[in-house]
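Chemist: Please find final_7.cif (mmCIF, C-alpha atoms) on the next line:
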```cif
data_entry
#
loop_
_atom_site.label_atom_id
_atom_site.label_comp_id
_atom_site.auth_asym_id
_atom_site.auth_seq_id
_atom_site.Cartn_x
_atom_site.Cartn_y
_atom_site.Cartn_z
CA MET O 1 -3.20 -9.14 8.52
CA THR O 2 -5.73 -10.71 10.84
CA VAL O 3 -6.45 -8.63 13.95
CA SER O 4 -8.32 -9.92 16.97
CA LEU O 5 -11.35 -8.09 18.31
CA CYS O 6 -9.45 -7.34 21.52
CA ALA O 7 -6.60 -5.87 19.51
CA MET O 8 -8.90 -3.72 17.43
CA LEU O 9 -10.45 -2.34 20.58
CA GLY O 10 -7.05 -1.17 21.69
CA HIS O 11 -6.24 -3.44 24.65
CA SER O 12 -2.50 -4.12 25.05
CA PHE O 13 -1.40 -4.58 21.48
CA ALA O 14 1.23 -3.27 19.07
CA PRO O 15 -0.34 -0.68 16.73
CA ASN O 16 -1.96 -2.19 13.67
CA LYS O 17 -1.18 -0.70 10.25
CA ARG O 18 -4.56 0.98 9.90
CA ARG O 19 -4.73 2.15 13.52
CA VAL O 20 -5.71 5.77 12.99
CA PHE O 21 -8.01 5.11 10.04
CA SER O 22 -10.01 2.25 11.52
CA LEU O 23 -8.64 1.09 14.84
CA LEU O 24 -12.03 1.08 16.53
CA THR O 25 -14.35 1.24 13.56
CA LYS O 26 -12.97 -1.91 11.96
CA ALA O 27 -13.80 -3.91 15.05
CA ILE O 28 -17.42 -3.04 14.55
CA SER O 29 -17.46 -2.73 10.79
CA LEU O 30 -16.31 -6.31 10.46
CA LEU O 31 -19.39 -7.42 12.33
CA LEU O 32 -22.22 -4.90 11.95
CA PHE O 33 -24.25 -3.87 8.99
CA LEU O 34 -26.86 -1.14 8.87
CA GLY O 35 -29.58 -1.32 6.27
CA ALA O 36 -28.22 1.60 4.25
CA ALA O 37 -25.11 -0.34 3.31
CA ARG O 38 -26.65 -3.27 1.44
CA PRO O 39 -24.38 -4.65 -1.29
CA LEU O 40 -25.01 -3.02 -4.63
CA GLN O 41 -25.76 -5.00 -7.74
CA SER O 42 -22.43 -3.90 -9.23
CA GLN O 43 -20.65 -5.77 -6.44
CA ALA O 44 -21.47 -9.18 -7.86
CA ALA O 45 -18.27 -11.09 -8.51
CA PRO O 46 -17.24 -10.92 -12.18
CA PRO O 47 -17.30 -14.12 -14.18
CA PRO O 48 -13.99 -15.93 -14.50
CA PRO O 49 -11.95 -14.29 -17.27
CA ASP O 50 -12.10 -16.01 -20.62
CA ASP O 51 -9.08 -18.19 -21.23
CA GLN O 52 -7.98 -15.98 -24.14
CA TYR O 53 -7.76 -12.91 -21.89
CA LEU O 54 -6.00 -14.72 -19.07
CA ALA O 55 -3.54 -16.24 -21.55
CA ARG O 56 -2.90 -12.79 -22.98
CA ALA O 57 -2.36 -11.32 -19.51
CA LYS O 58 0.14 -14.03 -18.63
CA ARG O 59 2.00 -13.54 -21.90
CA ILE O 60 2.39 -9.84 -21.15
CA LEU O 61 3.55 -10.50 -17.58
CA ARG O 62 6.17 -12.92 -18.87
CA GLN O 63 7.55 -10.11 -21.03
CA THR O 64 7.17 -7.12 -18.69
CA PRO O 65 7.90 -7.07 -14.96
CA LEU O 66 4.77 -6.66 -12.85
CA ILE O 67 5.92 -4.13 -10.23
CA ASP O 68 3.76 -3.97 -7.11
CA GLY O 69 4.22 -0.69 -5.27
CA HIS O 70 3.36 -1.82 -1.75
CA ASN O 71 3.46 -5.07 0.22
CA ASP O 72 3.67 -5.10 4.02
CA LEU O 73 5.28 -8.51 4.47
CA PRO O 74 8.03 -7.22 6.83
CA TRP O 75 5.42 -5.87 9.28
CA ARG O 76 3.35 -9.04 8.86
CA ILE O 77 6.38 -11.07 9.92
CA ARG O 78 7.05 -8.76 12.87
CA GLU O 79 3.45 -9.02 14.11
CA ASP O 80 2.91 -12.71 13.39
CA SER O 81 1.65 -14.49 16.50
CA VAL O 82 4.09 -17.37 15.98
CA ALA O 83 7.10 -15.96 14.12
CA ARG O 84 7.23 -12.63 15.99
CA GLY O 85 9.83 -11.11 13.69
CA ASN O 86 11.68 -14.39 13.11
CA VAL O 87 12.44 -14.51 9.38
CA ASP O 88 13.42 -18.18 9.54
CA ALA O 89 10.19 -19.16 11.30
CA TYR O 90 8.08 -17.30 8.74
CA ASP O 91 9.19 -19.55 5.89
CA LEU O 92 8.19 -18.24 2.46
CA ARG O 93 8.97 -21.60 0.85
CA ARG O 94 5.89 -22.94 2.61
CA PRO O 95 2.30 -21.68 2.64
CA THR O 96 2.10 -18.73 5.02
CA PRO O 97 -0.85 -17.41 7.03
CA GLY O 98 -0.63 -14.06 5.24
CA HIS O 99 -1.04 -13.02 1.62
CA THR O 100 2.51 -13.67 0.45
CA ASP O 101 4.81 -16.64 -0.08
CA LEU O 102 7.14 -17.72 -2.87
CA ALA O 103 4.73 -20.14 -4.55
CA ARG O 104 1.98 -17.54 -4.71
CA LEU O 105 4.40 -14.85 -5.91
CA ARG O 106 5.34 -17.16 -8.78
CA LYS O 107 1.73 -17.92 -9.62
CA GLY O 108 0.95 -14.20 -9.50
CA MET O 109 3.83 -13.52 -11.91
CA VAL O 110 5.24 -10.74 -9.70
CA GLY O 111 8.32 -9.30 -11.41
CA ALA O 112 9.41 -6.74 -8.82
CA GLN O 113 8.18 -5.74 -5.38
CA PHE O 114 8.48 -2.70 -3.16
CA TRP O 115 8.49 -4.21 0.34
CA SER O 116 7.12 -1.62 2.75
CA VAL O 117 9.35 -1.16 5.79
CA TYR O 118 6.47 0.39 7.70
CA THR O 119 6.71 1.63 11.28
CA PRO O 120 3.76 3.10 13.23
CA GLY O 121 3.72 6.85 13.75
CA GLU O 122 1.43 6.56 16.76
CA TYR O 123 4.06 5.54 19.29
CA ARG O 124 7.69 6.40 19.79
CA ASP O 125 8.87 3.35 21.72
CA SER O 126 12.58 4.03 22.25
CA GLY O 127 12.61 6.10 19.07
CA TYR O 128 11.17 5.73 15.60
CA ALA O 129 14.59 5.09 14.09
CA ARG O 130 15.23 1.95 16.15
CA VAL O 131 12.00 0.34 15.00
CA GLN O 132 12.68 1.50 11.45
CA LEU O 133 16.09 -0.14 11.43
CA GLU O 134 14.55 -3.35 12.73
CA GLN O 135 12.05 -3.32 9.87
CA ILE O 136 14.77 -2.73 7.29
CA ASP O 137 16.68 -5.60 8.88
CA ILE O 138 13.68 -7.93 8.55
CA ALA O 139 13.16 -6.98 4.91
CA ARG O 140 16.81 -7.38 3.97
CA ARG O 141 17.07 -10.72 5.75
CA VAL O 142 14.00 -11.94 3.86
CA ILE O 143 15.59 -10.92 0.56
CA ALA O 144 18.91 -12.54 1.49
CA LYS O 145 17.26 -15.79 2.60
CA TYR O 146 15.92 -16.63 -0.87
CA PRO O 147 18.68 -15.64 -3.32
CA ASP O 148 17.30 -17.94 -5.98
CA ARG O 149 13.99 -16.05 -6.02
CA LEU O 150 14.60 -12.56 -4.60
CA ALA O 151 17.32 -9.99 -5.26
CA LEU O 152 17.92 -6.61 -3.64
CA ALA O 153 17.23 -3.95 -6.28
CA LEU O 154 18.56 -0.42 -5.92
CA SER O 155 17.84 1.00 -9.38
CA ALA O 156 15.59 0.70 -12.40
CA GLY O 157 18.40 -1.19 -14.10
CA ASP O 158 18.48 -3.69 -11.25
CA ILE O 159 14.77 -4.40 -11.73
CA ARG O 160 15.30 -5.15 -15.41
CA ARG O 161 18.37 -7.29 -14.68
CA ASP O 162 16.65 -9.31 -11.97
CA PHE O 163 13.57 -9.87 -14.13
CA SER O 164 15.73 -11.16 -16.97
CA GLN O 165 17.25 -13.65 -14.51
CA GLY O 166 13.88 -14.88 -13.29
CA LYS O 167 14.15 -13.17 -9.91
CA ILE O 168 11.89 -10.70 -8.14
CA GLY O 169 13.69 -7.39 -7.86
CA SER O 170 13.11 -6.39 -4.24
CA LEU O 171 13.07 -2.74 -3.25
CA LEU O 172 12.46 -1.09 0.11
CA GLY O 173 9.79 1.55 0.63
CA LEU O 174 9.88 3.48 3.90
CA GLU O 175 6.31 4.24 4.96
CA GLY O 176 6.18 7.31 7.14
CA GLY O 177 8.58 10.28 7.32
CA HIS O 178 8.41 10.22 11.12
CA ALA O 179 11.20 7.63 10.86
CA ILE O 180 13.78 10.25 9.86
CA GLU O 181 13.14 12.07 13.19
CA ASN O 182 13.50 15.49 11.51
CA SER O 183 16.99 14.62 10.25
CA LEU O 184 18.18 14.78 6.65
CA ALA O 185 21.22 12.79 7.76
CA ALA O 186 18.91 9.95 8.82
CA LEU O 187 17.18 10.17 5.44
CA ARG O 188 20.54 9.76 3.71
CA MET O 189 21.40 6.76 5.86
CA TYR O 190 18.11 5.07 5.00
CA TYR O 191 18.92 5.57 1.33
CA ASP O 192 22.31 3.94 1.88
CA LEU O 193 20.52 0.97 3.47
CA GLY O 194 18.48 0.49 0.30
CA VAL O 195 15.34 2.59 0.79
CA ARG O 196 14.12 3.77 -2.60
CA TYR O 197 10.91 5.54 -1.72
CA MET O 198 9.62 7.30 1.37
CA THR O 199 5.97 8.03 2.09
CA LEU O 200 6.17 11.54 3.50
CA THR O 201 3.72 10.72 6.30
CA HIS O 202 1.78 7.74 7.51
CA ASN O 203 -1.42 8.51 9.45
CA VAL O 204 0.10 11.08 11.83
CA THR O 205 0.85 14.71 11.02
CA LEU O 206 4.56 15.43 11.47
CA ASP O 207 6.49 18.52 12.49
CA TRP O 208 6.91 19.22 8.78
CA ALA O 209 4.06 17.56 6.84
CA ASP O 210 0.29 17.11 7.18
CA ALA O 211 -1.21 13.61 7.00
CA ALA O 212 -4.53 12.81 5.34
CA LEU O 213 -6.01 11.27 8.49
CA ASP O 214 -4.75 13.75 11.08
CA SER O 215 -4.96 17.46 11.79
CA ALA O 216 -3.68 19.88 9.17
CA ARG O 217 -1.20 22.05 11.04
CA HIS O 218 1.04 23.27 8.22
CA LYS O 219 -1.21 23.72 5.18
CA GLY O 220 0.96 21.08 3.51
CA LEU O 221 4.73 21.21 3.99
CA THR O 222 6.88 23.44 6.16
CA PRO O 223 10.18 24.82 4.80
CA PHE O 224 11.91 21.80 6.32
CA GLY O 225 9.40 19.59 4.50
CA ASP O 226 10.43 21.28 1.27
CA SER O 227 14.04 20.41 2.13
CA VAL O 228 13.10 16.76 2.66
CA VAL O 229 11.57 16.58 -0.82
CA ARG O 230 14.57 18.28 -2.40
CA GLU O 231 17.00 15.96 -0.62
CA MET O 232 14.99 12.94 -1.78
CA ASN O 233 15.26 14.27 -5.33
CA ARG O 234 19.01 14.69 -4.91
CA LEU O 235 19.41 11.16 -3.56
CA GLY O 236 17.21 9.57 -6.21
CA MET O 237 14.64 8.43 -3.64
CA LEU O 238 11.07 8.44 -4.94
CA VAL O 239 8.69 10.88 -3.20
CA ASP O 240 5.61 8.86 -2.16
CA LEU O 241 2.45 10.90 -1.53
CA SER O 242 0.14 8.16 -0.31
CA HIS O 243 -1.17 8.98 3.19
CA VAL O 244 -0.56 12.73 2.95
CA SER O 245 -3.19 15.48 2.85
CA PRO O 246 -4.17 17.08 -0.48
CA ALA O 247 -2.33 20.25 0.60
CA THR O 248 0.81 18.21 1.20
CA MET O 249 0.36 16.52 -2.17
CA SER O 250 0.15 19.91 -3.84
CA ALA O 251 3.11 21.33 -1.93
CA ALA O 252 5.29 18.35 -2.77
CA LEU O 253 4.34 18.62 -6.44
CA ASN O 254 5.37 22.28 -6.30
CA VAL O 255 8.80 21.39 -4.95
CA SER O 256 9.73 18.07 -6.55
CA ARG O 257 11.92 18.14 -9.62
CA ALA O 258 11.39 14.40 -10.13
CA PRO O 259 8.18 12.47 -10.79
CA VAL O 260 6.32 11.49 -7.63
CA ILE O 261 4.49 8.27 -6.84
CA PHE O 262 1.42 7.28 -4.88
CA SER O 263 2.44 3.77 -3.81
CA HIS O 264 -1.06 2.69 -2.74
CA SER O 265 -3.86 5.19 -3.32
CA GLY O 266 -7.10 5.19 -5.29
CA ALA O 267 -9.35 7.78 -6.90
CA ARG O 268 -11.32 9.97 -4.51
CA ALA O 269 -13.99 10.72 -7.10
CA LEU O 270 -15.08 7.07 -6.95
CA VAL O 271 -14.66 6.48 -3.19
CA ASP O 272 -14.52 9.59 -1.06
CA VAL O 273 -11.97 8.69 1.61
CA PRO O 274 -9.15 11.05 2.61
CA ARG O 275 -6.55 8.48 1.58
CA ASN O 276 -7.61 8.61 -2.07
CA VAL O 277 -6.41 11.18 -4.61
CA PRO O 278 -8.60 14.10 -5.77
CA ASP O 279 -9.01 14.77 -9.49
CA SER O 280 -7.12 18.06 -9.20
CA ILE O 281 -4.04 16.15 -7.99
CA LEU O 282 -4.47 13.39 -10.59
CA GLN O 283 -4.26 16.10 -13.24
CA ARG O 284 -1.09 17.49 -11.67
CA VAL O 285 0.46 14.01 -11.59
CA THR O 286 0.19 14.01 -15.38
CA VAL O 287 2.17 17.25 -15.60
CA ASN O 288 4.71 16.04 -13.03
CA GLY O 289 5.16 12.72 -14.86
CA GLY O 290 4.38 10.63 -11.78
CA ILE O 291 2.27 7.55 -11.15
CA VAL O 292 -0.73 6.58 -9.00
CA MET O 293 -0.58 2.91 -7.96
CA VAL O 294 -4.08 1.63 -7.21
CA PRO O 295 -4.46 -0.49 -4.03
CA PHE O 296 -6.64 -3.49 -3.18
CA VAL O 297 -7.91 -1.92 0.07
CA THR O 298 -11.62 -2.72 0.28
CA GLY O 299 -12.70 0.60 1.79
CA PHE O 300 -10.72 2.53 -0.85
CA VAL O 301 -12.30 0.81 -3.87
CA SER O 302 -15.87 -0.04 -2.81
CA PRO O 303 -18.45 2.66 -1.98
CA ALA O 304 -20.59 0.05 -0.21
CA VAL O 305 -17.73 -0.98 2.08
CA LEU O 306 -17.05 2.69 2.82
CA LEU O 307 -20.72 3.29 3.63
CA TYR O 308 -20.72 0.23 5.86
CA ASP O 309 -17.72 1.56 7.78
CA GLN O 310 -19.19 5.04 8.12
CA SER O 311 -22.58 3.75 9.25
CA THR O 312 -21.12 1.74 12.11
CA ARG O 313 -18.99 4.51 13.61
CA PRO O 314 -21.77 6.08 15.71
CA LEU O 315 -22.24 2.72 17.45
CA ILE O 316 -18.73 2.55 18.80
CA LYS O 317 -19.26 4.91 21.71
CA ASP O 318 -22.48 3.14 22.62
CA LEU O 319 -20.73 -0.22 22.74
CA GLN O 320 -17.87 1.13 24.81
CA SER O 321 -20.28 2.91 27.15
CA LYS O 322 -22.36 -0.22 27.55
CA TYR O 323 -19.58 -2.76 28.02
CA GLY O 324 -16.45 -0.80 28.90
CA SER O 325 -13.47 -3.13 28.70
CA ASP O 326 -15.59 -6.28 28.66
CA THR O 327 -14.50 -7.48 25.23
CA ALA O 328 -16.19 -10.85 25.76
CA ALA O 329 -19.57 -9.13 26.04
CA ILE O 330 -18.81 -7.01 22.97
CA THR O 331 -17.86 -10.15 21.07
CA ARG O 332 -21.13 -11.85 21.92
CA GLU O 333 -23.15 -8.88 20.71
CA VAL O 334 -21.30 -8.28 17.50
CA ASN O 335 -21.36 -11.96 16.63
CA GLN O 336 -25.13 -11.75 16.64
CA TRP O 337 -24.98 -8.86 14.20
CA ARG O 338 -22.48 -10.72 12.05
CA LYS O 339 -24.87 -13.59 11.50
CA ALA O 340 -27.71 -11.32 10.50
CA HIS O 341 -25.84 -8.62 8.58
CA PRO O 342 -22.73 -9.69 6.63
CA GLU O 343 -20.28 -7.07 5.47
CA PRO O 344 -20.42 -6.13 1.77
CA ARG O 345 -17.57 -7.32 -0.41
CA ALA O 346 -15.31 -5.29 -2.64
CA THR O 347 -14.67 -6.91 -6.02
CA LEU O 348 -11.97 -7.20 -8.63
CA SER O 349 -14.21 -5.28 -11.02
CA GLN O 350 -14.19 -2.30 -8.65
CA VAL O 351 -10.38 -2.32 -8.57
CA ALA O 352 -10.45 -2.35 -12.37
CA ASP O 353 -12.88 0.60 -12.23
CA GLN O 354 -10.39 2.50 -10.08
CA ILE O 355 -7.56 1.80 -12.51
CA GLU O 356 -9.65 2.91 -15.46
CA TYR O 357 -10.69 6.09 -13.67
CA VAL O 358 -7.10 7.06 -12.87
CA ARG O 359 -6.29 6.38 -16.51
CA SER O 360 -9.18 8.59 -17.66
CA ILE O 361 -7.97 11.59 -15.63
CA ALA O 362 -4.19 11.21 -15.43
CA GLY O 363 -3.55 9.14 -18.55
CA VAL O 364 -2.41 5.59 -19.17
CA ASP O 365 1.23 6.59 -18.59
CA HIS O 366 0.48 7.49 -14.97
CA VAL O 367 -1.22 4.45 -13.41
CA GLY O 368 0.16 1.35 -11.68
CA ILE O 369 -0.57 -1.31 -9.06
CA GLY O 370 0.06 -0.94 -5.30
CA SER O 371 -1.76 -3.87 -3.71
CA ASP O 372 -1.10 -3.32 0.03
CA PHE O 373 -1.14 -7.09 0.55
CA ASP O 374 -0.22 -8.14 4.10
CA GLY O 375 -1.18 -4.66 5.26
CA ILE O 376 -4.92 -5.24 4.94
CA THR O 377 -7.28 -7.38 6.99
CA GLU O 378 -10.11 -7.77 4.49
CA VAL O 379 -9.43 -8.68 0.85
CA VAL O 380 -11.08 -7.91 -2.45
CA GLN O 381 -13.12 -10.75 -3.91
CA GLY O 382 -10.99 -12.13 -6.74
CA LEU O 383 -7.80 -10.52 -5.42
CA GLU O 384 -7.25 -12.50 -2.25
CA ASP O 385 -3.44 -12.75 -2.30
CA VAL O 386 -0.36 -12.22 -4.47
CA SER O 387 -1.26 -15.15 -6.72
CA THR O 388 -4.22 -13.28 -8.24
CA PHE O 389 -2.60 -10.41 -10.20
CA PRO O 390 -3.07 -12.05 -13.64
CA ALA O 391 -6.86 -12.11 -13.12
CA LEU O 392 -6.88 -8.31 -12.82
CA PHE O 393 -4.92 -7.90 -16.04
CA ALA O 394 -7.24 -10.38 -17.76
CA GLU O 395 -10.23 -8.27 -16.68
CA LEU O 396 -8.65 -5.15 -18.16
CA ALA O 397 -7.82 -7.05 -21.34
CA ARG O 398 -11.47 -8.07 -21.55
CA ARG O 399 -12.39 -4.39 -21.22
CA GLY O 400 -10.33 -3.55 -24.29
CA TRP O 401 -6.92 -2.57 -22.94
CA SER O 402 -4.15 -2.97 -25.50
CA ASP O 403 -1.00 -4.98 -24.88
CA SER O 404 0.99 -1.73 -24.81
CA ASP O 405 -1.26 -0.20 -22.17
CA LEU O 406 -1.20 -3.34 -20.02
CA ARG O 407 2.60 -3.32 -20.12
CA LYS O 408 2.61 0.29 -18.94
CA LEU O 409 0.30 -0.55 -16.05
CA ALA O 410 2.32 -3.62 -15.10
CA GLY O 411 5.71 -2.01 -14.79
CA GLU O 412 6.79 0.23 -17.62
CA ASN O 413 5.29 3.33 -16.00
CA LEU O 414 7.10 2.73 -12.73
CA LEU O 415 10.37 2.01 -14.53
CA ARG O 416 10.02 5.30 -16.42
CA VAL O 417 9.35 7.23 -13.20
CA PHE O 418 12.30 5.57 -11.44
CA THR O 419 14.62 6.20 -14.39
CA GLN O 420 13.62 9.87 -14.52
CA ALA O 421 14.15 10.24 -10.76
CA GLU O 422 17.64 8.78 -11.19
CA ALA O 423 18.37 11.27 -13.98
CA VAL O 424 17.24 14.19 -11.77
CA SER O 425 19.49 12.86 -9.00
CA ARG O 426 22.52 12.77 -11.28
CA GLN O 427 21.79 16.29 -12.46
CA MET O 428 21.41 17.64 -8.94
CA GLN O 429 24.52 15.88 -7.65
CA ARG O 430 26.58 17.52 -10.35
CA GLY O 431 25.56 20.85 -8.84
CA ALA O 432 25.67 22.08 -5.24
CA PRO O 433 25.81 19.39 -2.50
#
```
Please express the file's structure as structure tokens.
Modeler:
Amino acid sequence: MTVSLCAMLGHSFAPNKRRVFSLLTKAISLLLFLGAARPLQSQAAPPPPDDQYLARAKRILRQTPLIDGHNDLPWRIREDSVARGNVDAYDLRRPTPGHTDLARLRKGMVGAQFWSVYTPGEYRDSGYARVQLEQIDIARRVIAKYPDRLALALSAGDIRRDFSQGKIGSLLGLEGGHAIENSLAALRMYYDLGVRYMTLTHNVTLDWADAALDSARHKGLTPFGDSVVREMNRLGMLVDLSHVSPATMSAALNVSRAPVIFSHSGARALVDVPRNVPDSILQRVTVNGGIVMVPFVTGFVSPAVLLYDQSTRPLIKDLQSKYGSDTAAITREVNQWRKAHPEPRATLSQVADQIEYVRSIAGVDHVGIGSDFDGITEVVQGLEDVSTFPALFAELARRGWSDSDLRKLAGENLLRVFTQAEAVSRQMQRGAP
């Protein structure tokens, strides 16, 4: 989503999705560039895929549902400067200002979508649960508004059924365990409302789980955190480990009887940001049977973008000290830097590199796609919106991926994980409540 300079500097705005990770740094990193962060040669945009590879990608996506693990459209609608949470005003039958609308979903051959019902963990408002219910309401009203194109999906079978009917199976992913307010009863109610995965944390450490971008208070999960994971297993709700610390990842893998997911995380060995997954965890995902869904977040897939962000951080205090709350003066200065030093671009090839790396460590049965469209402000070159998915599959086809492996990446891996989680749920529900 587009964020104004004033908003990124923290003056009277609703928290942006990346607030903790880059609230202040993004304001500068969009505009400044230090010499050390020059674009690398490998960042050149790849040539357009040969027609044979694109045709092959489209054939596969007609046969196998492309399941995207993370799209923030509900929050995009809530924060839109015009619609302001109005589902009717944010009309998906027309071109939208964000990354998602029905025409582009069709062009992108999306077969199923986890719509993130994100709520910020940085503020309580009148309670996390109220905002969470509002986000679920937005998502469900979006799904209900377009019954010819979208269908609420609650199971792996629903995804297959909806795909066979030419509809996008639409699932809800709750992003941030703060929304349960330390209540397993609230977790159960969210499941009843259609939530089929929960990211244990967002960017804020909870009373029971450590986040990747906040202080580590618990060395992973507390005993209550263990109970949350077990109850998610019992319900059949997927345990999402994006955003959590490596210790929390490890603790959840120790507890979970069902395969876990990372709905939008990359490989830390390629880009060393806390939100990406270390090799040691990738190897454990293989044993667990889970899946890592690679995102299109520029700073997660491009070392040059990461270096750019890191290099600008020391300047933030200087700018604030110099100008205080005078955002107009800050804008004038950073605009001068923008003209002279453009930000490096992440590319489709780098996303493909991430996918191939996860495959090399975890195996082809444990990798998927989790775009994070409408939750990002900058986009990958070649992957600008939901219409561009086939180009990524064409690139992997060009690199030698088989049809079978491309089908696994597209959706078969996620369907397997979901089906296994449902089987664990049935087994646990036959036992003690």
Chemist: Which residue gives the smallest distance to Leu348 (chain O) among O:Asp318, O:Asp309, O:Glu384, O:Asp374, with all atoms listed in the file counted?
Modeler: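 The answer is O:Glu384, which sits nearest to Leu348 (chain O).
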Chemist: Grab the CA of Arg104 (chain O) to CA of Pro390 (chain O) distance for me, in Å with one decimal place.
Modeler: 11.6 Å
Chemist: Using the chain letters and numbers from this file, what does the PyMOL selection byres ((chain O and resi 173) around 7) select? Give the answer as a ChimeraX atom specification.
Modeler: /O:114-117,171-172,174-175,195-198
Chemist: Please report the interatomic distance between CA of Val87 (chain O) and CA of Val142 (chain O) in Å with one decimal.
Modeler: 6.3 Å
Chemist: I'd like to know which of O:Ala55, O:Leu409, O:Met428, O:Ile291 is closest to Arg257 (chain O), using only C-alpha atoms.
Modeler: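 Answer, going by the shortest atom-to-atom distance: O:Met428.
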Chemist: Write out as a PyMOL selection string which residues come within 6 Å of region 61-74 of chain O when counting all atoms listed in the file, dropping same-chain ones fewer than 4 positions away.
Modeler: chain O and resi 110-116+138-139+263+369-375+410-411
Chemist: Please produce an output containing C-alpha atoms for each residue in the selection, written as a PDB file, keeping the file's coordinate frame.
Modeler:
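Wrote part.pdb, looks like this:
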```pdb
ATOM      1  CA  VAL O 110       5.240 -10.740  -9.700  1.00  0.00           C
ATOM      2  CA  GLY O 111       8.320  -9.300 -11.410  1.00  0.00           C
ATOM      3  CA  ALA O 112       9.410  -6.740  -8.820  1.00  0.00           C
ATOM      4  CA  GLN O 113       8.180  -5.740  -5.380  1.00  0.00           C
ATOM      5  CA  PHE O 114       8.480  -2.700  -3.160  1.00  0.00           C
ATOM      6  CA  TRP O 115       8.490  -4.210   0.340  1.00  0.00           C
ATOM      7  CA  SER O 116       7.120  -1.620   2.750  1.00  0.00           C
ATOM      8  CA  ILE O 138      13.680  -7.930   8.550  1.00  0.00           C
ATOM      9  CA  ALA O 139      13.160  -6.980   4.910  1.00  0.00           C
ATOM     10  CA  SER O 263       2.440   3.770  -3.810  1.00  0.00           C
ATOM     11  CA  ILE O 369      -0.570  -1.310  -9.060  1.00  0.00           C
ATOM     12  CA  GLY O 370       0.060  -0.940  -5.300  1.00  0.00           C
ATOM     13  CA  SER O 371      -1.760  -3.870  -3.710  1.00  0.00           C
ATOM     14  CA  ASP O 372      -1.100  -3.320   0.030  1.00  0.00           C
ATOM     15  CA  PHE O 373      -1.140  -7.090   0.550  1.00  0.00           C
ATOM     16  CA  ASP O 374      -0.220  -8.140   4.100  1.00  0.00           C
ATOM     17  CA  GLY O 375      -1.180  -4.660   5.260  1.00  0.00           C
ATOM     18  CA  ALA O 410       2.320  -3.620 -15.100  1.00  0.00           C
ATOM     19  CA  GLY O 411       5.710  -2.010 -14.790  1.00  0.00           C
TER      20      GLY O 411
END
```
Chemist: Choose the residue, out of O:Glu395, O:Asp365, O:Asp385, O:Asp403, that has the smallest atom-to-atom separation from Val417 (chain O); count all atoms listed in the file.
Modeler: O:Asp365
Chemist: Counting all atoms listed in the file, which residue out of O:Leu154, O:Val424, O:Leu235, O:Ala185 sits closest to Ala258 (chain O)?
Modeler: O:Val424
Chemist: What separation in Å, quoted to one decimal, exists between CA of Gly166 (chain O) and CA of Thr100 (chain O)?
Modeler: 17.9 Å
Chemist: Mind checking which residues fall within 12 Å of Trp401 (chain O), counting all atoms listed in the file, ignoring those fewer than 2 positions away in the same chain, and posting them as a PyMOL selection string?
Modeler: chain O and resi 53+56-57+60+352+355-356+359+364+392-399+403-409
Chemist: For the provided coordinates, the residues matched by the PyMOL selection byres ((chain O and resi 93) around 12) should be stated as a list in words.
Modeler: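 This file gives the following for the PyMOL selection byres ((chain O and resi 93) around 12): Val87, Asp88, Ala89, Tyr90, Asp91, Leu92, Arg94, Pro95, Thr96, Thr100, Asp101, Leu102, Ala103, Arg104, Leu105, Arg106, Val142, Lys145, Tyr146, Asp148, Arg149 and Leu150 of chain O.
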Chemist: What's the 6 Å shell around region 237-247 of chain O, counting only C-alpha atoms, without same-chain residues fewer than 4 positions away, as a compact mmCIF listing (two decimals) with C-alpha atoms, in the frame of the given file?
Modeler:
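Output file selection_12.txt is given in full below:
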```
# COMPACT_ATOMS: atom_id res chain seq x y z
CA ARG O 196 14.12 3.77 -2.60
CA TYR O 197 10.91 5.54 -1.72
CA MET O 198 9.62 7.30 1.37
CA THR O 199 5.97 8.03 2.09
CA THR O 201 3.72 10.72 6.30
CA HIS O 202 1.78 7.74 7.51
CA ASP O 210 0.29 17.11 7.18
CA ALA O 211 -1.21 13.61 7.00
CA ALA O 212 -4.53 12.81 5.34
CA LYS O 219 -1.21 23.72 5.18
CA GLY O 220 0.96 21.08 3.51
CA MET O 232 14.99 12.94 -1.78
CA VAL O 260 6.32 11.49 -7.63
CA ILE O 261 4.49 8.27 -6.84
CA PHE O 262 1.42 7.28 -4.88
CA SER O 265 -3.86 5.19 -3.32
CA ARG O 275 -6.55 8.48 1.58
```
Chemist: Show me, as a list in words, the residues that have an atom within 9 Å of Thr298 (chain O) when counting all atoms listed in the file, minus same-chain residues fewer than 6 positions from it.
Modeler: Val305, Leu306, Arg345, Ala346, Thr347, Val351, Ile376, Glu378, Val379 and Val380 of chain O
Chemist: So, counting all atoms listed in the file, which residue among O:Ile361, O:Ala216, O:Ala329, O:Leu307 is closest to Leu282 (chain O)?
Modeler: O:Ile361
Chemist: For Gly368 (chain O), which residue out of O:Val287, O:Leu315, O:Leu54, O:Val292 is the nearest one, using all atoms listed in the file?
Modeler: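 So, comparing all the options, the nearest one is O:Val292.
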Chemist: Give me the residues near Arg78 (chain O) as a list in words, where near means some atom within 8 Å (using all atoms listed in the file) and where sequence neighbours in that chain fewer than 5 positions away do not count.
Modeler: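 The residues that qualify are Ala83, Arg84, Gly85, Asn86, Gln135 and Ile138 of chain O.
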Chemist: I would like the residues chosen by the PyMOL selection byres ((chain O and resi 272-274) around 7) on the shown file; could you give them as number ranges by chain?
Modeler: O: 212-213, 268-271, 275-276, 300
